[in-house]
$ cat input-v2.txt   # compact mmCIF, C-alpha atoms
# COMPACT_ATOMS: atom_id res chain seq x y z
CA MET A 344 0.00 0.00 0.00
CA THR A 345 1.43 3.36 -1.07
CA LEU A 346 0.40 6.62 0.53
CA GLN A 347 1.12 9.51 -1.83
CA LEU A 348 2.23 12.67 -0.05
CA LEU A 349 1.28 15.74 -2.05
CA PRO A 350 3.65 18.74 -2.20
CA GLN A 351 1.21 21.44 -1.10
CA ARG A 352 1.36 22.83 2.44
CA LEU A 353 -0.65 25.40 4.37
CA TYR A 354 1.08 27.40 7.11
CA PRO A 355 -0.14 29.94 9.64
CA ASP A 356 -0.09 33.45 8.21
CA ALA A 357 0.12 36.23 10.79
CA SER A 358 -0.72 38.81 8.12
CA ARG A 359 -4.29 37.46 7.86
CA VAL A 360 -6.26 39.64 10.24
CA VAL A 361 -9.89 40.42 10.98
CA VAL A 362 -11.50 43.45 12.59
CA ARG A 363 -12.88 42.68 16.04
CA ASN A 364 -14.54 44.76 18.72
CA PHE A 365 -12.10 46.20 21.22
CA GLN A 366 -14.30 45.40 24.19
CA LEU A 367 -14.47 47.32 27.42
CA ALA A 368 -15.42 45.72 30.72
CA GLY A 369 -19.06 44.65 30.78
CA GLU A 370 -19.48 44.08 27.07
CA PRO A 371 -21.32 42.61 25.23
CA ARG A 372 -24.17 42.78 27.77
CA GLY A 373 -23.64 46.49 28.40
CA LEU A 374 -20.84 48.69 29.70
CA ASN A 375 -20.25 48.82 33.44
CA PRO A 376 -20.07 52.29 35.06
CA ALA A 377 -16.27 52.60 34.86
CA SER A 378 -16.24 51.53 31.20
CA GLN A 379 -19.12 53.88 30.43
CA ALA A 380 -17.11 56.76 31.83
CA ARG A 381 -14.05 55.72 29.82
CA ALA A 382 -16.06 55.37 26.61
CA ARG A 383 -17.80 58.70 27.17
CA ARG A 384 -14.41 60.39 27.65
CA ILE A 385 -13.21 59.05 24.29
CA VAL A 386 -16.40 60.08 22.51
CA GLU A 387 -16.45 63.57 24.03
CA THR A 388 -12.78 64.09 23.13
CA VAL A 389 -13.53 63.31 19.48
CA GLN A 390 -16.63 65.54 19.57
CA ALA A 391 -14.48 68.40 20.86
CA MET A 392 -12.10 68.18 17.89
CA ASP A 393 -12.60 70.64 15.06
CA ASN A 394 -13.64 69.22 11.71
CA ARG A 395 -10.15 69.50 10.20
CA THR A 396 -8.63 67.45 13.07
CA VAL A 397 -11.32 64.79 12.84
CA GLN A 398 -10.78 64.46 9.09
CA ALA A 399 -6.99 64.29 9.51
CA GLU A 400 -7.15 61.63 12.22
CA LEU A 401 -9.65 59.57 10.23
CA SER A 402 -7.43 59.83 7.15
CA LEU A 403 -4.52 58.39 9.14
CA VAL A 404 -6.66 55.46 10.29
CA MET A 405 -7.90 54.77 6.78
CA ALA A 406 -4.39 54.96 5.34
CA ASP A 407 -3.28 52.38 7.89
CA PHE A 408 -6.17 49.94 7.66
CA GLU A 409 -8.51 50.44 4.70
CA ASN A 410 -6.38 48.37 2.31
CA ARG A 411 -6.12 45.54 4.88
CA HIS A 412 -9.85 44.90 5.22
CA ARG A 413 -12.89 44.60 3.03
CA GLU A 414 -15.49 47.28 3.95
CA VAL A 415 -13.66 48.51 7.04
CA ARG A 416 -15.86 51.62 7.17
CA ARG A 417 -18.89 49.39 7.72
CA PHE A 418 -17.20 47.84 10.77
CA PHE A 419 -16.39 51.25 12.23
CA GLU A 420 -19.96 52.45 11.66
CA ALA A 421 -21.44 49.34 13.29
CA ARG A 422 -19.12 49.64 16.28
CA TYR A 423 -19.97 53.30 16.72
CA SER A 424 -23.68 52.42 16.67
CA ALA A 425 -23.23 49.88 19.48
CA ILE A 426 -21.29 52.34 21.65
CA ALA A 427 -23.75 55.14 20.92
CA ALA A 428 -26.65 52.91 21.97
CA ASP A 429 -24.93 52.19 25.30
CA LEU A 430 -24.18 55.86 25.96
CA GLY A 431 -27.32 57.43 24.50
CA ILE A 432 -25.34 59.64 22.10
CA GLU A 433 -27.13 61.97 19.72
CA PRO A 434 -26.38 61.48 15.97
CA LEU A 435 -22.97 62.79 14.91
CA ARG A 436 -21.26 63.66 11.65
CA ASP A 437 -20.06 60.78 9.44
CA ALA A 438 -16.36 61.35 10.08
CA GLU A 439 -16.89 61.54 13.84
CA ARG A 440 -18.84 58.28 13.85
CA LEU A 441 -16.16 56.45 11.87
CA LEU A 442 -13.31 57.77 14.02
CA ILE A 443 -15.11 56.87 17.25
CA GLY A 444 -15.84 53.41 15.86
CA ALA A 445 -12.16 52.93 15.06
CA TYR A 446 -11.20 53.66 18.69
CA PHE A 447 -13.36 50.70 19.75
CA CYS A 448 -12.04 48.19 17.18
CA HIS A 449 -8.80 46.25 16.82
CA GLU A 450 -7.13 43.80 14.48
CA TYR A 451 -6.91 40.14 15.44
CA SER A 452 -4.47 37.75 13.77
CA PHE A 453 -6.60 34.63 13.99
CA GLU A 454 -4.01 32.09 12.77
CA ALA A 455 -0.76 33.61 13.96
CA ALA A 456 -0.03 30.75 16.38
CA ALA A 457 -1.19 27.63 14.53
CA LEU A 458 -3.18 26.19 11.63
CA MET A 459 -4.23 22.57 11.84
CA ASN A 460 -6.76 19.71 11.91
CA PRO A 461 -8.66 20.06 8.62
CA SER A 462 -11.87 18.42 7.52
CA VAL A 463 -13.06 18.29 3.90
CA VAL A 464 -16.39 18.06 2.05
CA PRO A 465 -17.55 18.55 -1.54
CA HIS A 466 -17.95 22.26 -2.19
CA PRO A 467 -21.54 23.51 -2.58
CA ASP A 468 -20.52 24.97 -5.97
CA GLN A 469 -19.52 22.32 -8.53
CA SER A 470 -19.84 24.54 -11.62
CA ASP A 471 -17.20 25.22 -14.30
CA LEU A 472 -15.11 22.08 -13.69
CA ALA A 473 -13.33 19.85 -16.19
CA PRO A 474 -14.51 16.22 -16.53
CA GLY A 475 -13.47 14.15 -13.53
CA GLU A 476 -12.80 17.15 -11.27
CA ILE A 477 -14.43 17.92 -7.93
CA ARG A 478 -14.30 21.18 -6.03
CA PHE A 479 -13.80 20.75 -2.29
CA LEU A 480 -14.04 22.88 0.83
CA LEU A 481 -11.61 22.58 3.73
CA SER A 482 -12.41 23.68 7.24
CA LEU A 483 -9.38 24.45 9.38
CA ARG A 484 -8.72 25.16 13.04
CA ALA A 485 -6.84 28.43 13.34
CA VAL A 486 -5.22 29.52 16.61
CA GLY A 487 -4.45 33.15 17.38
CA GLU A 488 -3.55 35.44 20.25
CA GLY A 489 -4.58 34.03 23.63
CA HIS A 490 -4.62 30.50 22.19
CA ILE A 491 -8.15 31.12 20.94
CA SER A 492 -9.32 28.74 18.22
CA SER A 493 -11.58 29.75 15.35
CA ILE A 494 -12.81 28.11 12.15
CA THR A 495 -11.56 29.19 8.76
CA PHE A 496 -11.92 27.76 5.25
CA ARG A 497 -9.94 27.04 2.09
CA GLU A 498 -11.11 25.89 -1.34
CA GLY A 499 -9.53 23.70 -3.98
CA ILE A 500 -10.02 21.25 -6.84
CA LEU A 501 -9.14 17.56 -7.15
CA SER A 502 -8.75 15.80 -10.49
CA ASP A 503 -9.69 12.17 -11.12
CA GLN A 504 -5.93 11.46 -11.14
CA GLY A 505 -5.50 12.74 -7.60
CA GLU A 506 -3.92 16.06 -8.60
CA LEU A 507 -4.57 18.91 -6.18
CA ARG A 508 -5.02 22.62 -6.91
CA LEU A 509 -5.61 24.95 -3.99
CA THR A 510 -7.48 28.15 -4.75
CA GLU A 511 -5.33 31.24 -4.24
CA ASP A 512 -5.92 32.62 -0.79
CA SER A 513 -7.80 35.91 -0.50
CA PRO A 514 -5.79 38.83 0.96
CA PHE A 515 -8.80 39.65 3.14
CA ALA A 516 -10.42 37.90 6.08
CA VAL A 517 -13.77 38.82 7.61
CA ALA A 518 -14.99 37.85 11.07
CA SER A 519 -18.46 36.38 11.22
CA ARG A 520 -21.15 38.53 12.82
CA PRO A 521 -22.74 36.97 15.93
CA GLU A 522 -26.52 36.88 16.03
CA ILE A 523 -28.54 35.69 19.01
CA GLY A 524 -32.26 35.12 18.57
CA GLU A 525 -34.96 35.81 21.13
CA ASP A 526 -35.13 32.06 21.75
CA GLY A 527 -31.42 32.05 22.64
CA ARG A 528 -30.30 30.30 19.45
CA VAL A 529 -26.88 31.42 18.28
CA TRP A 530 -25.77 32.13 14.71
CA ALA A 531 -22.52 33.16 13.11
CA VAL A 532 -23.33 35.14 9.95
CA ARG A 533 -20.94 35.52 7.06
CA GLU A 534 -20.55 39.18 6.13
CA GLY A 535 -20.18 40.60 2.63
CA ASP A 536 -20.00 38.92 -0.77
CA GLY A 537 -16.35 37.90 -0.79
CA PRO A 538 -15.20 34.31 -1.36
CA LEU A 539 -15.89 31.72 1.30
CA ASP A 540 -12.22 31.43 2.27
CA GLU A 541 -12.41 34.96 3.70
CA THR A 542 -14.84 33.78 6.38
CA VAL A 543 -13.64 33.30 9.96
CA LEU A 544 -16.05 31.86 12.55
CA LEU A 545 -15.10 33.22 15.96
CA PRO A 546 -16.44 32.21 19.40
CA VAL A 547 -19.80 33.72 20.32
CA THR A 548 -20.96 32.26 23.66
CA SER A 549 -19.26 31.96 27.03
CA ALA A 550 -19.01 28.18 26.52
CA GLN A 551 -16.95 28.90 23.37
CA ARG A 552 -14.91 31.73 24.87
CA ASN A 553 -11.51 30.11 24.27
CA GLY A 554 -12.29 28.41 21.03
CA LEU A 555 -14.15 26.42 18.44
CA GLU A 556 -11.92 23.37 18.06
CA ASP A 557 -11.56 20.59 15.48
CA LEU A 558 -14.66 20.94 13.32
CA ARG A 559 -15.64 17.63 11.68
CA LEU A 560 -17.63 18.89 8.71
CA VAL A 561 -19.94 16.47 6.85
CA HIS A 562 -22.34 16.80 3.91
CA PHE A 563 -25.53 15.24 5.25
CA ILE A 564 -27.45 13.60 2.42
CA ASP A 565 -30.48 12.15 4.21
CA THR A 566 -32.68 15.22 4.04
CA GLU A 567 -35.81 16.30 2.17
CA GLU A 568 -35.08 19.99 2.52
CA GLY A 569 -32.15 20.40 0.16
CA PRO A 570 -28.40 20.57 0.81
CA LEU A 571 -27.35 20.46 4.44
CA TRP A 572 -23.97 20.46 6.15
CA TYR A 573 -23.36 19.56 9.76
CA GLY A 574 -20.17 19.84 11.75
CA THR A 575 -19.41 18.62 15.24
CA TYR A 576 -16.79 20.61 17.14
CA THR A 577 -15.49 21.17 20.66
CA ALA A 578 -16.45 24.35 22.46
CA PHE A 579 -13.78 25.35 25.00
CA SER A 580 -14.57 27.93 27.67
CA GLY A 581 -11.03 28.04 29.04
CA GLN A 582 -12.03 25.71 31.87
CA SER A 583 -14.39 23.12 30.42
CA ILE A 584 -15.22 21.47 27.10
CA ALA A 585 -18.53 20.60 25.45
CA SER A 586 -19.55 19.09 22.13
CA GLU A 587 -21.57 21.37 19.86
CA LEU A 588 -23.05 21.19 16.36
CA LEU A 589 -22.64 23.61 13.44
CA ILE A 590 -25.51 23.65 10.93
CA THR A 591 -25.58 25.44 7.58
CA ARG A 592 -27.45 25.21 4.29
CA ASP A 593 -25.62 27.94 2.39
CA PHE A 594 -22.31 28.67 4.17
CA ARG A 595 -23.60 32.16 4.86
CA ARG A 596 -25.46 31.51 8.12
CA PHE A 597 -24.07 29.01 10.59
CA GLU A 598 -26.15 27.92 13.55
CA LEU A 599 -24.07 26.89 16.59
CA ARG A 600 -26.02 24.53 18.86
CA PRO A 601 -24.91 22.80 22.08
CA LEU A 602 -25.38 19.03 22.24
CA SER A 603 -26.85 17.39 25.33
CA GLY A 604 -26.67 13.96 26.89
CA PRO A 605 -23.88 11.93 28.50
CA ALA A 606 -22.10 11.24 25.19
CA ALA A 607 -21.70 14.99 24.57
CA ARG A 608 -19.52 15.51 27.61
CA ASN A 609 -16.37 14.69 25.66
CA LYS A 610 -14.71 15.88 22.48
CA GLY A 611 -14.20 14.13 19.14
CA MET A 612 -17.77 13.28 18.08
CA ALA A 613 -18.29 12.57 14.35
CA LEU A 614 -21.67 12.33 12.64
CA PHE A 615 -22.45 9.73 9.96
CA PRO A 616 -23.44 11.40 6.65
CA ARG A 617 -26.94 9.89 6.69
CA LYS A 618 -29.39 8.18 9.01
CA ILE A 619 -29.04 4.46 9.64
CA ASP A 620 -32.29 2.52 10.17
CA GLY A 621 -34.10 5.82 10.66
CA SER A 622 -31.80 7.15 13.38
CA TYR A 623 -28.89 9.55 13.44
CA ALA A 624 -25.57 7.87 14.16
CA MET A 625 -22.41 9.26 15.70
CA LEU A 626 -18.93 8.02 16.53
CA GLY A 627 -17.53 9.18 19.85
CA ARG A 628 -14.87 8.57 22.46
CA GLN A 629 -16.82 9.22 25.60
CA ASP A 630 -14.33 7.50 27.93
CA ASN A 631 -11.18 9.10 26.41
CA GLU A 632 -9.91 5.67 25.36
CA ASN A 633 -12.27 3.62 23.17
CA LEU A 634 -14.42 4.15 20.08
CA PHE A 635 -18.20 4.08 20.53
CA LEU A 636 -21.21 4.03 18.19
CA ILE A 637 -24.08 6.21 19.40
CA ARG A 638 -27.58 6.37 17.92
CA SER A 639 -30.24 9.00 18.48
CA ASP A 640 -33.61 10.11 17.15
CA ASP A 641 -32.76 13.67 18.21
CA ILE A 642 -29.67 15.12 16.58
CA PHE A 643 -29.14 17.46 19.56
CA HIS A 644 -29.22 14.77 22.29
CA TRP A 645 -26.87 11.79 22.61
CA ASP A 646 -27.01 9.12 25.30
CA GLU A 647 -24.41 6.46 26.08
CA GLY A 648 -23.25 4.43 23.09
CA GLN A 649 -21.94 0.96 22.38
CA ARG A 650 -18.20 0.29 22.47
CA ILE A 651 -17.05 -1.02 19.09
CA ALA A 652 -13.25 -0.90 19.33
CA GLY A 653 -10.44 -0.17 21.75
CA PRO A 654 -6.67 0.18 21.67
CA LEU A 655 -5.08 -2.94 20.20
CA HIS A 656 -1.81 -2.37 18.35
CA PRO A 657 1.38 -0.82 19.80
CA TRP A 658 0.96 2.49 17.93
CA GLU A 659 -2.48 3.09 19.55
CA LEU A 660 -2.20 1.55 23.03
CA ILE A 661 -2.94 4.76 24.95
CA GLN A 662 -6.17 5.61 23.12
CA ILE A 663 -8.00 5.55 19.82
CA GLY A 664 -10.61 7.87 18.36
CA ASN A 665 -12.16 8.88 15.06
CA CYS A 666 -10.55 11.23 12.58
CA GLY A 667 -13.74 12.59 11.09
CA SER A 668 -17.09 11.41 9.80
CA PRO A 669 -17.26 7.94 8.25
CA VAL A 670 -16.92 7.74 4.47
CA GLU A 671 -19.55 5.54 2.84
CA LEU A 672 -18.22 2.96 0.36
CA ASP A 673 -19.84 -0.06 -1.29
CA GLU A 674 -17.79 -2.22 1.07
CA GLY A 675 -18.88 -0.45 4.27
CA TRP A 676 -18.16 2.63 6.37
CA LEU A 677 -14.51 3.68 6.12
CA VAL A 678 -13.44 5.37 9.35
CA LEU A 679 -10.13 7.12 9.75
CA THR A 680 -8.84 6.70 13.29
CA HIS A 681 -6.17 8.29 15.40
CA GLY A 682 -4.03 6.29 17.76
CA VAL A 683 -1.75 7.49 20.53
CA GLY A 684 1.38 5.49 21.28
CA PRO A 685 4.67 5.87 23.16
CA MET A 686 5.80 9.43 23.88
CA ARG A 687 2.25 10.64 23.06
CA LYS A 688 2.90 10.13 19.36
CA TYR A 689 -0.29 10.56 17.30
CA ALA A 690 -0.71 8.52 14.11
CA ILE A 691 -3.56 7.97 11.65
CA GLY A 692 -5.05 4.57 10.82
CA ALA A 693 -8.28 3.23 9.34
CA MET A 694 -11.16 0.93 10.18
CA LEU A 695 -13.96 -0.58 8.09
CA LEU A 696 -17.41 -0.94 9.66
CA ASP A 697 -20.32 -2.99 8.37
CA LYS A 698 -22.66 -0.76 6.35
CA ASN A 699 -25.87 -2.11 7.87
CA GLU A 700 -24.58 -2.77 11.37
CA PRO A 701 -21.73 -0.36 12.05
CA THR A 702 -20.99 -1.87 15.46
CA ARG A 703 -19.28 -4.69 13.51
CA VAL A 704 -15.64 -4.00 12.71
CA LEU A 705 -14.70 -5.72 9.43
CA GLY A 706 -11.05 -4.69 9.47
CA ARG A 707 -8.58 -2.21 10.96
CA SER A 708 -5.04 -0.99 10.39
CA ARG A 709 -2.28 -3.08 11.92
CA VAL A 710 0.19 -0.26 11.28
CA PRO A 711 -0.50 3.45 10.76
CA LEU A 712 -1.32 4.87 7.36
CA LEU A 713 0.46 8.05 8.35
CA SER A 714 2.69 8.84 11.31
CA PRO A 715 5.01 11.76 12.14
CA SER A 716 8.18 11.55 10.09
CA ASP A 717 11.49 13.23 10.88
CA ALA A 718 10.51 15.99 8.45
CA GLU A 719 7.02 16.43 9.94
CA ARG A 720 7.36 16.04 13.69
CA GLU A 721 8.49 19.48 14.87
CA GLY A 722 6.02 22.19 15.73
CA TYR A 723 3.68 23.72 18.27
CA VAL A 724 2.77 20.20 19.49
CA PRO A 725 5.48 17.79 18.26
CA ASN A 726 4.94 14.20 17.09
CA VAL A 727 1.34 14.65 15.95
CA VAL A 728 -0.43 14.03 12.65
CA TYR A 729 -4.20 14.44 12.85
CA THR A 730 -7.18 14.93 10.58
CA CYS A 731 -10.87 15.73 11.04
CA GLY A 732 -12.06 14.19 7.78
CA ALA A 733 -11.29 12.82 4.32
CA LEU A 734 -12.96 12.71 0.90
CA ALA A 735 -13.39 9.78 -1.50
CA HIS A 736 -13.06 10.71 -5.17
CA ALA A 737 -12.35 8.65 -8.30
CA GLY A 738 -11.22 5.58 -6.36
CA ARG A 739 -8.83 7.47 -4.10
CA LEU A 740 -9.08 8.87 -0.60
CA PHE A 741 -7.99 12.49 -0.30
CA LEU A 742 -6.57 13.08 3.15
CA PRO A 743 -5.72 16.57 4.47
CA TYR A 744 -3.95 16.39 7.82
CA GLY A 745 -2.48 18.57 10.53
CA ILE A 746 1.26 18.44 11.16
CA ALA A 747 2.44 19.04 14.76
CA ASP A 748 -0.44 21.51 15.25
CA SER A 749 1.57 23.90 13.08
CA ALA A 750 0.75 23.26 9.42
CA VAL A 751 -1.49 21.28 7.09
CA GLY A 752 -0.35 18.69 4.57
CA PHE A 753 -2.16 16.55 2.02
CA ALA A 754 -2.02 12.88 1.09
CA SER A 755 -3.82 10.51 -1.26
CA ILE A 756 -4.27 6.74 -1.20
CA ASP A 757 -5.90 4.16 -3.45
CA ILE A 758 -9.06 2.99 -1.67
CA GLU A 759 -8.88 -0.58 -2.98
CA GLU A 760 -5.31 -0.92 -1.69
CA LEU A 761 -6.31 0.63 1.62
CA LEU A 762 -9.17 -1.80 2.15
CA ALA A 763 -6.94 -4.74 1.26
CA SER A 764 -4.49 -3.70 3.98
CA LEU A 765 -7.06 -3.80 6.78
CA GLY A 766 -6.74 -6.95 8.89
$ encode --input "input-v2.txt" --output "structure tokens"
Amino acid sequence: MTLQLLPQRLYPDASRVVVRNFQLAGEPRGLNPASQARARRIVETVQAMDNRTVQAELSLVMADFENRHREVRRFFEARYSAIAADLGIEPLRDAERLLIGAYFCHEYSFEAAALMNPSVVPHPDQSDLAPGEIRFLLSLRAVGEGHISSITFREGILSDQGELRLTEDSPFAVASRPEIGEDGRVWAVREGDGPLDETVLLPVTSAQRNGLEDLRLVHFIDTEEGPLWYGTYTAFSGQSIASELLITRDFRRFELRPLSGPAARNKGMALFPRKIDGSYAMLGRQDNENLFLIRSDDIFHWDEGQRIAGPLHPWELIQIGNCGSPVELDEGWLVLTHGVGPMRKYAIGAMLLDKNEPTRVLGRSRVPLLSPSDAEREGYVPNVVYTCGALAHAGRLFLPYGIADSAVGFASIDIEELLASLG
């Protein structure tokens, strides 16, 4: 069995920045008295400037930042409106509003520290492709200042020969806009009309405060309401973790929903791409050691599951878990797994589950498909290769993977050879 390593690499890029609110104490629920006084001082100082000074200061801001962001004036205007609502400010001149808004914004380099753990699905747009090509969408975990994780995207095309072309990265990045409904449901809304790879999904709730980690994106095909994508991810508050679910139909609005039930207390859940016998199905590692199959009639609630596999071979003796949603083949459900061995070395293997009864393991890797090599072991977290999903196309499995929590690589393997290697 030959795993083909592709030459492309993705690395963290500190120059990719988004505009975020520079928050004072008490936000977003409302400024506390000390912050109100501070904000009012800033606003009143700008109001006291003559028009020439306001215009000059705004020109300096725009010269510094307008070419770094798409529609930066809109961000300044929106931020001014939020501050004005808190302080009860009367309407001001355009330049004053923009300058005040700029004082309450800042740039955030969302992937300056790390870029890792991709998942992959067919892109919602499959137009204008050559015969045998498929356009794909990567989700990536980006880590920035404060070790805060967010979700970002990249696009590319695969040929039927396994050749990879990544779409040129946009020079802009745009933070999603949080939206909280009256019923408490939370949305991250993609702003503007730029390409999808400009979108950055940042934490919204207190449960997500320190990050949205390791999205396992899947195209869910068992639906009567048109295209639907789900993604399980880990919400990290800085103290505790919880499994949550991303839901989108258009990659413009993303609902972020907590999952409930005992199986949701841990990380690493992965949804099957369709219902099985009328129920949703999920892979999980609810005891931090073994792989479980969980079924549910309610996609937002998951009870205890059935153990289907545990550590067996030397390279996975500490623990095993899934590496993304199962891939449906004629032969069964192909599951990429991660195993942890000596010196906390993470490697990637595979497992084949029965299509009709996925608690039955038909075969599994005796040795890893991919493990850290001398050239790919150094980084933010050394000795780790990890993925959150793969894509089957034209008889091959396309495998993006994280390298030492510091970069993303790509590999390809013949599916028939892979299945033959499973013991």
$ residues_around --input "input-v2.txt" --residues "Asp641 (chain A)" --least-positions-apart "5" --cutoff "12 Å" --atoms "all atoms listed in the file" --output "PyMOL selection string"
chain A and resi 602-604+618+621-625+646
$ residues_around --input "input-v2.txt" --residues "Arg709 (chain A)" --least-positions-apart "2" --cutoff "8 Å" --atoms "only C-alpha atoms" --output "PyMOL selection string"
chain A and resi 656+707+711+765-766
$ residues_around --input "input-v2.txt" --residues "Ala427 (chain A)" --least-positions-apart "5" --cutoff "12 Å" --atoms "only C-alpha atoms" --output "list in words"
Gly373, Leu374, Gln379, Ala382, Arg383, Ile385, Val386, Glu387, Glu420, Ala421, Arg422, Ile432, Glu433, Pro434, Leu435, Glu439, Arg440, Leu441, Ile443, Gly444 and Phe447 of chain A
$ residues_around --input "input-v2.txt" --residues "region 534-541 of chain A" --least-positions-apart "2" --cutoff "12 Å" --atoms "all atoms listed in the file" --output "PyMOL selection string"
chain A and resi 359-362+412-415+417-418+453+466-468+479-483+494-499+509-522+531-532+543-544+593-597
$ write_last_selection --input "input-v2.txt" --atoms "C-alpha atoms" --output "short mmCIF file (atom, residue, chain, number, x, y, z; two decimals), in the coordinates of the input"
data_model
loop_
_atom_site.label_atom_id
_atom_site.label_comp_id
_atom_site.auth_asym_id
_atom_site.auth_seq_id
_atom_site.Cartn_x
_atom_site.Cartn_y
_atom_site.Cartn_z
CA ARG A 359 -4.29 37.46 7.86
CA VAL A 360 -6.26 39.64 10.24
CA VAL A 361 -9.89 40.42 10.98
CA VAL A 362 -11.50 43.45 12.59
CA HIS A 412 -9.85 44.90 5.22
CA ARG A 413 -12.89 44.60 3.03
CA GLU A 414 -15.49 47.28 3.95
CA VAL A 415 -13.66 48.51 7.04
CA ARG A 417 -18.89 49.39 7.72
CA PHE A 418 -17.20 47.84 10.77
CA PHE A 453 -6.60 34.63 13.99
CA HIS A 466 -17.95 22.26 -2.19
CA PRO A 467 -21.54 23.51 -2.58
CA ASP A 468 -20.52 24.97 -5.97
CA PHE A 479 -13.80 20.75 -2.29
CA LEU A 480 -14.04 22.88 0.83
CA LEU A 481 -11.61 22.58 3.73
CA SER A 482 -12.41 23.68 7.24
CA LEU A 483 -9.38 24.45 9.38
CA ILE A 494 -12.81 28.11 12.15
CA THR A 495 -11.56 29.19 8.76
CA PHE A 496 -11.92 27.76 5.25
CA ARG A 497 -9.94 27.04 2.09
CA GLU A 498 -11.11 25.89 -1.34
CA GLY A 499 -9.53 23.70 -3.98
CA LEU A 509 -5.61 24.95 -3.99
CA THR A 510 -7.48 28.15 -4.75
CA GLU A 511 -5.33 31.24 -4.24
CA ASP A 512 -5.92 32.62 -0.79
CA SER A 513 -7.80 35.91 -0.50
CA PRO A 514 -5.79 38.83 0.96
CA PHE A 515 -8.80 39.65 3.14
CA ALA A 516 -10.42 37.90 6.08
CA VAL A 517 -13.77 38.82 7.61
CA ALA A 518 -14.99 37.85 11.07
CA SER A 519 -18.46 36.38 11.22
CA ARG A 520 -21.15 38.53 12.82
CA PRO A 521 -22.74 36.97 15.93
CA GLU A 522 -26.52 36.88 16.03
CA ALA A 531 -22.52 33.16 13.11
CA VAL A 532 -23.33 35.14 9.95
CA VAL A 543 -13.64 33.30 9.96
CA LEU A 544 -16.05 31.86 12.55
CA ASP A 593 -25.62 27.94 2.39
CA PHE A 594 -22.31 28.67 4.17
CA ARG A 595 -23.60 32.16 4.86
CA ARG A 596 -25.46 31.51 8.12
CA PHE A 597 -24.07 29.01 10.59
#
$ closest_residue --input "input-v2.txt" --among "A:Leu762, A:Ala438, A:Leu353, A:Ile500" --to "Ala457 (chain A)" --atoms "all atoms listed in the file"
A:Leu353
$ closest_residue --input "input-v2.txt" --among "A:Thr591, A:Cys666, A:Arg478, A:Glu598" --to "Gly569 (chain A)" --atoms "only C-alpha atoms"
A:Thr591
$ atom_distance --input "input-v2.txt" --atom1 "CA of Leu599 (chain A)" --atom2 "CA of Asn553 (chain A)"
15.1 Å
$ atom_distance --input "input-v2.txt" --atom1 "CA of Val727 (chain A)" --atom2 "CA of Ala550 (chain A)"
26.6 Å
$ residues_around --input "input-v2.txt" --residues "Leu695 (chain A)" --least-positions-apart "4" --cutoff "10 Å" --atoms "only C-alpha atoms" --output "list in words"
Pro669, Val670, Glu671, Leu672, Glu674, Gly675, Trp676, Leu677, Val678, Leu679, Pro701, Arg703, Val704, Leu705, Gly706, Arg707, Ser708, Leu762, Leu765 and Gly766 of chain A
$ atom_distance --input "input-v2.txt" --atom1 "CA of His644 (chain A)" --atom2 "CA of Ile564 (chain A)"
20.0 Å
$ closest_residue --input "input-v2.txt" --among "A:Phe408, A:Phe365, A:Tyr451, A:Phe615" --to "Ile637 (chain A)" --atoms "only C-alpha atoms"
A:Phe615
$ closest_residue --input "input-v2.txt" --among "A:Ile642, A:Cys731, A:Ala455, A:Ala399" --to "His490 (chain A)" --atoms "all atoms listed in the file"
A:Ala455
$ closest_residue --input "input-v2.txt" --among "A:Met459, A:Ala380, A:Leu660, A:Leu626" --to "Tyr744 (chain A)" --atoms "all atoms listed in the file"
A:Met459
$ residues_near_point --input "input-v2.txt" --point "(-5.9, 13.8, 16.7)" --cutoff "10 Å" --atoms "all atoms listed in the file" --output "PDB file with C-alpha atoms, in the coordinates of the input"
ATOM      1  CA  ASN A 460      -6.760  19.710  11.910  1.00  0.00           C
ATOM      2  CA  ASP A 557     -11.560  20.590  15.480  1.00  0.00           C
ATOM      3  CA  GLY A 611     -14.200  14.130  19.140  1.00  0.00           C
ATOM      4  CA  ILE A 663      -8.000   5.550  19.820  1.00  0.00           C
ATOM      5  CA  GLY A 664     -10.610   7.870  18.360  1.00  0.00           C
ATOM      6  CA  ASN A 665     -12.160   8.880  15.060  1.00  0.00           C
ATOM      7  CA  CYS A 666     -10.550  11.230  12.580  1.00  0.00           C
ATOM      8  CA  GLY A 667     -13.740  12.590  11.090  1.00  0.00           C
ATOM      9  CA  THR A 680      -8.840   6.700  13.290  1.00  0.00           C
ATOM     10  CA  HIS A 681      -6.170   8.290  15.400  1.00  0.00           C
ATOM     11  CA  GLY A 682      -4.030   6.290  17.760  1.00  0.00           C
ATOM     12  CA  VAL A 683      -1.750   7.490  20.530  1.00  0.00           C
ATOM     13  CA  LYS A 688       2.900  10.130  19.360  1.00  0.00           C
ATOM     14  CA  TYR A 689      -0.290  10.560  17.300  1.00  0.00           C
ATOM     15  CA  ALA A 690      -0.710   8.520  14.110  1.00  0.00           C
ATOM     16  CA  ILE A 691      -3.560   7.970  11.650  1.00  0.00           C
ATOM     17  CA  VAL A 727       1.340  14.650  15.950  1.00  0.00           C
ATOM     18  CA  VAL A 728      -0.430  14.030  12.650  1.00  0.00           C
ATOM     19  CA  TYR A 729      -4.200  14.440  12.850  1.00  0.00           C
ATOM     20  CA  THR A 730      -7.180  14.930  10.580  1.00  0.00           C
ATOM     21  CA  CYS A 731     -10.870  15.730  11.040  1.00  0.00           C
ATOM     22  CA  TYR A 744      -3.950  16.390   7.820  1.00  0.00           C
ATOM     23  CA  GLY A 745      -2.480  18.570  10.530  1.00  0.00           C
ATOM     24  CA  ASP A 748      -0.440  21.510  15.250  1.00  0.00           C
TER      25      ASP A 748
END
